[in-house]
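A.B. asks: Contents of target-v2.txt (compact mmCIF, C-alpha atoms):
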# COMPACT_ATOMS: atom_id res chain seq x y z
CA MET T 1 -5.33 -20.36 -6.30
CA LYS T 2 -7.57 -17.34 -6.82
CA ASN T 3 -9.70 -18.25 -3.78
CA THR T 4 -6.57 -18.85 -1.70
CA THR T 5 -5.26 -15.38 -2.60
CA ARG T 6 -8.54 -13.76 -1.63
CA TRP T 7 -8.61 -15.73 1.61
CA ILE T 8 -5.05 -14.68 2.53
CA ALA T 9 -5.81 -11.04 1.70
CA SER T 10 -9.03 -11.15 3.73
CA VAL T 11 -7.28 -12.65 6.74
CA ALA T 12 -4.45 -10.08 6.55
CA THR T 13 -6.91 -7.19 6.29
CA ALA T 14 -9.08 -8.54 9.11
CA ALA T 15 -6.02 -8.98 11.33
CA ALA T 16 -4.89 -5.41 10.64
CA ILE T 17 -8.36 -4.03 11.44
CA PHE T 18 -8.67 -6.19 14.59
CA PHE T 19 -5.21 -5.06 15.74
CA ALA T 20 -6.07 -1.42 15.05
CA VAL T 21 -9.35 -1.58 16.98
CA ASN T 22 -7.79 -3.29 20.00
CA VAL T 23 -4.81 -0.98 20.12
CA LYS T 24 -6.83 1.78 21.85
CA ALA T 25 -6.33 0.13 25.21
CA GLN T 26 -2.54 0.15 24.97
CA THR T 27 -0.43 2.65 26.85
CA THR T 28 3.17 3.65 26.24
CA THR T 29 5.67 6.04 27.71
CA ASN T 30 5.73 8.22 24.60
CA THR T 31 4.64 11.78 25.37
CA LYS T 32 2.02 11.77 22.63
CA THR T 33 0.26 8.46 23.36
CA SER T 34 -3.10 9.60 22.01
CA ASP T 35 -1.56 10.21 18.58
CA GLN T 36 0.82 7.22 18.35
CA TRP T 37 -1.51 5.02 16.31
CA ARG T 38 -3.35 6.15 13.23
CA LEU T 39 -5.26 4.56 10.39
CA GLY T 40 -5.15 5.98 6.89
CA ILE T 41 -7.68 5.28 4.16
CA GLY T 42 -6.17 6.03 0.77
CA ILE T 43 -6.94 6.11 -2.90
CA GLU T 44 -4.11 5.36 -5.29
CA GLY T 45 -3.53 6.02 -8.96
CA GLY T 46 -0.54 5.10 -11.03
CA ILE T 47 1.13 4.41 -14.34
CA PRO T 48 2.33 0.82 -14.94
CA THR T 49 5.98 0.38 -15.93
CA GLY T 50 8.05 -2.49 -17.29
CA ASN T 51 6.11 -5.52 -18.57
CA ALA T 52 2.85 -4.18 -17.10
CA SER T 53 2.94 -1.21 -19.48
CA ASN T 54 2.38 -3.70 -22.34
CA ILE T 55 -1.08 -4.59 -21.01
CA SER T 56 -2.18 -1.52 -19.02
CA ASN T 57 -1.99 2.28 -19.11
CA PHE T 58 -3.52 3.03 -15.70
CA GLU T 59 -3.70 1.64 -12.17
CA LEU T 60 -6.32 2.55 -9.56
CA GLY T 61 -6.64 1.16 -6.07
CA GLY T 62 -7.45 1.67 -2.45
CA THR T 63 -5.45 0.94 0.69
CA LEU T 64 -5.62 0.93 4.46
CA ARG T 65 -2.45 1.86 6.32
CA LEU T 66 -1.94 1.31 10.03
CA GLN T 67 0.81 3.59 11.35
CA TYR T 68 2.64 3.56 14.67
CA ASP T 69 4.55 6.77 15.43
CA ALA T 70 7.63 5.56 17.32
CA SER T 71 8.90 9.15 17.64
CA ASP T 72 8.41 12.58 16.09
CA HIS T 73 10.74 11.55 13.25
CA PHE T 74 10.03 7.84 12.68
CA ALA T 75 6.99 5.61 12.13
CA TRP T 76 6.26 1.96 11.35
CA THR T 77 3.57 1.10 8.80
CA LEU T 78 1.44 -1.86 7.74
CA THR T 79 -0.36 -1.40 4.41
CA SER T 80 -2.85 -3.58 2.53
CA GLY T 81 -5.60 -3.03 -0.01
CA TYR T 82 -6.23 -3.67 -3.69
CA TYR T 83 -4.67 -2.37 -6.93
CA ASN T 84 -6.23 -2.82 -10.36
CA MET T 85 -4.23 -2.33 -13.54
CA PHE T 86 -6.90 -1.82 -16.19
CA GLY T 87 -6.34 -3.77 -19.40
CA LYS T 88 -5.76 -1.71 -22.52
CA ASP T 89 -6.90 -2.41 -26.07
CA ILE T 90 -5.03 -5.15 -27.91
CA PRO T 91 -3.58 -3.51 -31.06
CA GLY T 92 -5.37 -4.48 -34.27
CA THR T 93 -8.39 -6.02 -32.49
CA THR T 94 -11.51 -4.96 -30.64
CA ALA T 95 -10.45 -7.00 -27.60
CA LYS T 96 -8.76 -5.82 -24.39
CA TYR T 97 -6.10 -7.34 -22.18
CA ALA T 98 -7.43 -8.72 -18.90
CA ASP T 99 -7.19 -6.45 -15.86
CA LEU T 100 -4.39 -7.31 -13.43
CA GLY T 101 -5.46 -7.20 -9.80
CA ILE T 102 -2.98 -7.20 -6.93
CA VAL T 103 -3.52 -7.45 -3.17
CA PRO T 104 -0.47 -5.89 -1.47
CA VAL T 105 0.56 -6.65 2.11
CA LYS T 106 3.54 -4.47 3.09
CA LEU T 107 5.51 -3.51 6.19
CA GLY T 108 7.39 -0.25 6.11
CA ILE T 109 8.86 2.83 7.69
CA LYS T 110 8.44 6.57 7.43
CA ALA T 111 11.43 8.75 8.29
CA PHE T 112 10.56 12.45 8.61
CA PHE T 113 13.39 14.77 7.61
CA SER T 114 11.32 17.92 8.21
CA PRO T 115 8.10 18.34 10.23
CA ASN T 116 5.79 17.14 7.43
CA VAL T 117 8.05 15.69 4.71
CA TYR T 118 9.08 12.03 4.86
CA PHE T 119 10.90 9.29 3.05
CA GLY T 120 9.12 5.96 3.20
CA ALA T 121 10.19 2.44 2.35
CA GLU T 122 7.96 -0.63 2.23
CA ALA T 123 8.53 -4.30 1.48
CA GLY T 124 6.08 -7.15 1.28
CA ALA T 125 4.11 -9.48 -0.93
CA GLY T 126 1.72 -8.77 -3.77
CA PHE T 127 -0.87 -11.45 -4.47
CA GLU T 128 -2.00 -11.37 -8.12
CA THR T 129 -5.70 -12.15 -8.53
CA ILE T 130 -5.46 -13.50 -12.08
CA SER T 131 -5.76 -17.20 -12.90
CA GLU T 132 -2.09 -18.04 -12.20
CA GLY T 133 -2.28 -16.28 -8.84
CA ASN T 134 1.43 -15.50 -8.59
CA THR T 135 2.93 -13.86 -5.52
CA LYS T 136 5.37 -11.02 -6.13
CA LEU T 137 7.99 -9.44 -3.90
CA ILE T 138 7.12 -5.75 -3.49
CA LEU T 139 9.74 -3.09 -2.82
CA SER T 140 8.55 0.50 -2.70
CA PRO T 141 10.30 3.78 -1.89
CA THR T 142 8.11 6.85 -1.29
CA LEU T 143 8.53 10.59 -0.90
CA GLY T 144 5.59 12.13 0.90
CA TYR T 145 3.95 14.96 2.79
CA ALA T 146 1.85 14.23 5.88
CA THR T 147 -0.15 16.18 8.44
CA LYS T 148 -2.30 14.75 11.25
CA SER T 149 -5.13 13.98 8.82
CA LEU T 150 -3.66 14.11 5.29
CA ASP T 151 -0.99 11.92 3.70
CA ILE T 152 0.17 12.42 0.10
CA GLY T 153 2.91 10.19 -1.24
CA LEU T 154 4.68 9.72 -4.58
CA ARG T 155 6.16 6.26 -4.95
CA TYR T 156 7.66 3.71 -7.25
CA GLU T 157 6.52 0.17 -6.60
CA ASN T 158 8.44 -2.81 -7.98
CA PHE T 159 6.83 -6.26 -8.28
CA SER T 160 9.20 -9.14 -8.97
CA GLY T 161 9.00 -12.91 -9.11
CA GLN T 162 8.13 -15.85 -11.37
CA ASP T 163 10.39 -14.47 -14.16
CA ASN T 164 8.07 -11.48 -14.65
CA SER T 165 8.94 -8.16 -13.08
CA TYR T 166 7.04 -4.92 -13.48
CA GLY T 167 6.25 -1.80 -11.54
CA LEU T 168 4.20 1.33 -11.21
CA ALA T 169 4.80 4.99 -10.52
CA GLY T 170 1.97 6.12 -8.30
CA LEU T 171 0.34 8.74 -6.11
CA ARG T 172 -1.47 7.94 -2.85
CA ILE T 173 -3.81 10.45 -1.21
CA ALA T 174 -5.12 9.39 2.17
CA TYR T 175 -7.20 10.61 5.06
CA ALA T 176 -5.73 9.53 8.40
CA PHE T 177 -7.24 9.60 11.86
CA PRO T 178 -5.89 8.66 15.31
CA LEU T 179 -7.00 5.42 16.93
Represent the structure from my file as structure tokens, please.
C.D. replies:
Amino acid sequence: MKNTTRWIASVATAAAIFFAVNVKAQTTTNTKTSDQWRLGIGIEGGIPTGNASNISNFELGGTLRLQYDASDHFAWTLTSGYYNMFGKDIPGTTAKYADLGIVPVKLGIKAFFSPNVYFGAEAGAGFETISEGNTKLILSPTLGYATKSLDIGLRYENFSGQDNSYGLAGLRIAYAFPL
């Protein structure tokens, strides 16, 4: 199952990159066509919540986000990458819990309620990279600040499925550039 998860994540990431590269040739009637598509490369840090807080104190990851600006106030997003929840010490032993890796694949929106401040919402699947290889439903609201090249977002991410739900409170800082 672990190889299947990696394969699915690789295909999803390759498709997103292929789509982003080929999108340069597209034209639309939007007045800002040169800035409609952008790709963000982000680093993420977070604090696990729920059941995940029993095994980890810290999450670190990286993501790619393809964004299509439908208007000045609304954008569609496609996000994928990798999160790692680092295992913490098992009380009373010298051992540690295993790290929990997750490959998220999420579709979402950004709704700007002022020129640079937005509310975001994403939903998708999270593929765990541990031996069981479970797939979790991801739901994630975000409050963020974005300029043409910087995107900072505070979010809560919920992972649910297989009778084990957990989450993380996180911060994403990304550099974005037009395609």
A.B. asks: Can you pull out the residues contacting Ile173 (chain T)? Cut-off 8 Å, using all atoms listed in the file, and skip same-chain residues under 6 positions away; I want them as a ChimeraX atom specification.
C.D. replies: /T:42-44,150-153
A.B. asks: Counting all atoms listed in the file, figure out which residue out of T:Gly126, T:Gln67, T:Glu59, T:Ala75 gets nearest to Phe177 (chain T).
C.D. replies: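 Among the listed residues, T:Gln67 lies closest to Phe177 (chain T).
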A.B. asks: So which one's closest to Phe86 (chain T), T:Val117, T:Ala176, T:Leu39, T:Ile47? Using only C-alpha atoms, please.
C.D. replies: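 Smallest distance to Phe86 (chain T) is found for T:Ile47.
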A.B. asks: Quick one: residues within 9 Å of Lys96 (chain T), all atoms listed in the file, excluding same-chain residues fewer than 6 positions away - as a ChimeraX atom specification?
C.D. replies: /T:55,87-90
A.B. asks: With a distance cut-off of 6 Å and only C-alpha atoms, select the neighbouring residues of Phe119 (chain T), excluding the residue or stretch itself and same-chain residues fewer than 2 positions from it, and output the selection as JSON, numbers by chain.
C.D. replies: {"T": [110, 111, 142, 143]}
A.B. asks: Using all atoms listed in the file, which of the listed residues (T:Trp76, T:Tyr118, T:Tyr97, T:Tyr83) sits closest to Asn54 (chain T)?
C.D. replies: T:Tyr97
A.B. asks: Of the residues T:Gln36, T:Thr147, T:Ser53, T:Ser71, which is the one nearest to Pro115 (chain T), using all atoms listed in the file?
C.D. replies: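 Among T:Gln36, T:Thr147, T:Ser53, T:Ser71, it is T:Thr147 that comes nearest to Pro115 (chain T).
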A.B. asks: Which polymer residues have any atom within 6 Å of an atom of region 134-140 of chain T, counting all atoms listed in the file, with same-chain residues fewer than 2 positions away left out, as a list of chain:residue names?
C.D. replies: T:Ala121, T:Glu122, T:Ala123, T:Gly124, T:Ala125, T:Gly126, T:Phe127, T:Glu128, T:Glu132, T:Tyr156, T:Glu157, T:Asn158, T:Phe159, T:Ser160, T:Gly161
A.B. asks: Can you pull out the residues contacting Asn84 (chain T)? Cut-off 6 Å, using all atoms listed in the file, and skip same-chain residues under 4 positions away; I want them as a list in words.
C.D. replies: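 The residues that qualify are Glu59, Leu60, Gly61, Leu100 and Gly101 of chain T.
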A.B. asks: Mind dumping the selected residues with C-alpha atoms as a JSON list (two decimals), keeping the file's coordinate frame?
C.D. replies:
[["chain", "number", "residue", "atom", "x", "y", "z"],
["T", 59, "GLU", "CA", -3.70, 1.64, -12.17],
["T", 60, "LEU", "CA", -6.32, 2.55, -9.56],
["T", 61, "GLY", "CA", -6.64, 1.16, -6.07],
["T", 100, "LEU", "CA", -4.39, -7.31, -13.43],
["T", 101, "GLY", "CA", -5.46, -7.20, -9.80]]
A.B. asks: What gap, in Å, lies between CA of Thr63 (chain T) and CA of Leu168 (chain T)?
C.D. replies: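 CA of Leu168 (chain T) lies at a distance of 15.3 Å from CA of Thr63 (chain T).
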A.B. asks: In Å, with one decimal, what is the gap from CA of Ser56 (chain T) to CA of Gly167 (chain T)?
C.D. replies: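 Calculated distance between CA of Ser56 (chain T) and CA of Gly167 (chain T) is 11.3 Å.
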A.B. asks: Could you check which of T:Pro91, T:Pro104, T:Gly133, T:Gly144 is closest to Asn116 (chain T), using all atoms listed in the file?
C.D. replies: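 So, comparing all the options, the nearest one is T:Gly144.
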A.B. asks: Select, from T:Arg155, T:Ala52, T:Lys106, T:Met85, the residue with the minimum atom-to-atom distance to Leu66 (chain T), counting only C-alpha atoms.
C.D. replies: T:Lys106
A.B. asks: What is the CA of Phe113 (chain T)-CA of Ala169 (chain T) distance in Å, reported with one decimal?
C.D. replies: 22.3 Å
